Amino acid sequence: MDWLPGAGGATGLCRGGRPCASGIDQSAAGGLNRVCTNLQPGITVKELAELTQKSAAQAAPKSGPAAGARTELTMHGRGAGDDGPIITSHARSPHQLAVALRENMVFTLKPSAISEDGNYICTWGDTVVVTAHGGRRLGDRVHDLAVS
């Protein structure tokens, strides 16, 4: 699955303008792509969060406004009776991080890339289902970027 801009994938939202177009969006999208590939039964939420950080760091540019960007993973249920596991940049309980994913779990996955100075953020996400072969995207929006 290739969900990078223009390839028919998810939607990204950037706050801050120019650095988003200079690579921070690619860091967030790279995190989403890599994490979805690894959404398989047995992986823990903590492992996903760590994978997001590593994947986005590899996708981030080495120079320019987006150099040094860090990443955070937000994920939560879809309100179908169970919103877990839930992690955000502030809610990262050991109990939630220890949850091992099961096949057919559905949730919203939203990795964010934040510029080194904290002035710019890009969040790229979609609703996904866990399968034995990796995450399967449930959304059908054209992969695009909104900058505010």
# chains A, B, ... in the order shown; residues from 1 in each chain; ligands from 1

call {"tool": "residues_around", "arguments": {"residues": "Arg102 (chain A)", "least_positions_apart": "3", "cutoff": "12 Å", "atoms": "only C-alpha atoms", "output": "PyMOL selection string"}}
result
chain A and resi 39-45+84-85+99+105-107+129-132+134-135

call {"tool": "closest_residue", "arguments": {"among": "A:Lys46, A:Ser63, A:Leu109, A:Asn119", "to": "His95 (chain A)", "atoms": "only C-alpha atoms"}}
result
A:Lys46

call {"tool": "atom_distance", "arguments": {"atom1": "CA of Val35 (chain A)", "atom2": "CA of Glu116 (chain A)"}}
result
21.9 Å

call {"tool": "select_by_dssp", "arguments": {"residues": "region 69-118 of chain A", "states": "alpha helix (DSSP H)", "output": "list in words"}}
result
Pro94, His95, Gln96 and Leu97 of chain A

call {"tool": "closest_residue", "arguments": {"among": "A:Leu101, A:Ala56, A:Val128, A:Ala49", "to": "Thr88 (chain A)", "atoms": "only C-alpha atoms"}}
result
A:Ala49

call {"tool": "atom_distance", "arguments": {"atom1": "CA of Asp126 (chain A)", "atom2": "CA of Asn104 (chain A)"}}
result
15.4 Å

call {"tool": "closest_residue", "arguments": {"among": "A:Thr71, A:Ser55, A:Gln96, A:Ser89", "to": "Cys122 (chain A)", "atoms": "only C-alpha atoms"}}
result
A:Thr71

call {"tool": "residues_around", "arguments": {"residues": "Gly68 (chain A)", "least_positions_apart": "5", "cutoff": "8 Å", "atoms": "only C-alpha atoms", "output": "ChimeraX atom specification"}}
result
/A:60,62,115-116

call {"tool": "write_last_selection", "arguments": {"atoms": "C-alpha atoms", "output": "CSV table (one decimal), in the first residue's frame"}}
result
chain,number,residue,atom,x,y,z
A,60,ALA,CA,11.9,13.2,7.4
A,62,LYS,CA,17.7,15.9,6.6
A,115,SER,CA,8.7,20.5,13.7
A,116,GLU,CA,11.7,20.7,16.0

call {"tool": "residues_around", "arguments": {"residues": "Gly118 (chain A)", "least_positions_apart": "2", "cutoff": "10 Å", "atoms": "only C-alpha atoms", "output": "list in words"}}
result
Gly16, Ala69, Arg70, Ala113, Ile114, Ser115, Glu116, Tyr120 and Ile121 of chain A

call {"tool": "write_last_selection", "arguments": {"atoms": "N, CA and C atoms", "output": "JSON list (two decimals), in the first residue's frame"}}
result
[["chain", "number", "residue", "atom", "x", "y", "z"],
["A", 16, "GLY", "N", 0.51, 25.44, 9.88],
["A", 16, "GLY", "CA", 1.76, 26.17, 9.90],
["A", 16, "GLY", "C", 2.26, 26.59, 8.53],
["A", 69, "ALA", "N", 12.23, 16.98, 12.79],
["A", 69, "ALA", "CA", 10.86, 16.79, 13.22],
["A", 69, "ALA", "C", 10.74, 15.52, 14.05],
["A", 70, "ARG", "N", 9.87, 15.56, 15.05],
["A", 70, "ARG", "CA", 9.58, 14.39, 15.86],
["A", 70, "ARG", "C", 8.17, 13.90, 15.51],
["A", 113, "ALA", "N", 3.61, 14.58, 12.67],
["A", 113, "ALA", "CA", 5.00, 15.05, 12.66],
["A", 113, "ALA", "C", 4.98, 16.49, 13.16],
["A", 114, "ILE", "N", 5.88, 16.78, 14.09],
["A", 114, "ILE", "CA", 5.95, 18.11, 14.70],
["A", 114, "ILE", "C", 7.34, 18.66, 14.46],
["A", 115, "SER", "N", 7.40, 19.90, 13.96],
["A", 115, "SER", "CA", 8.71, 20.50, 13.68],
["A", 115, "SER", "C", 9.51, 20.60, 14.97],
["A", 116, "GLU", "N", 10.81, 20.66, 14.82],
["A", 116, "GLU", "CA", 11.71, 20.70, 15.97],
["A", 116, "GLU", "C", 11.37, 21.85, 16.93],
["A", 120, "TYR", "N", 5.07, 23.86, 13.84],
["A", 120, "TYR", "CA", 4.37, 23.25, 12.71],
["A", 120, "TYR", "C", 4.04, 21.81, 13.03],
["A", 121, "ILE", "N", 2.86, 21.40, 12.61],
["A", 121, "ILE", "CA", 2.43, 20.02, 12.84],
["A", 121, "ILE", "C", 1.68, 19.52, 11.61]]
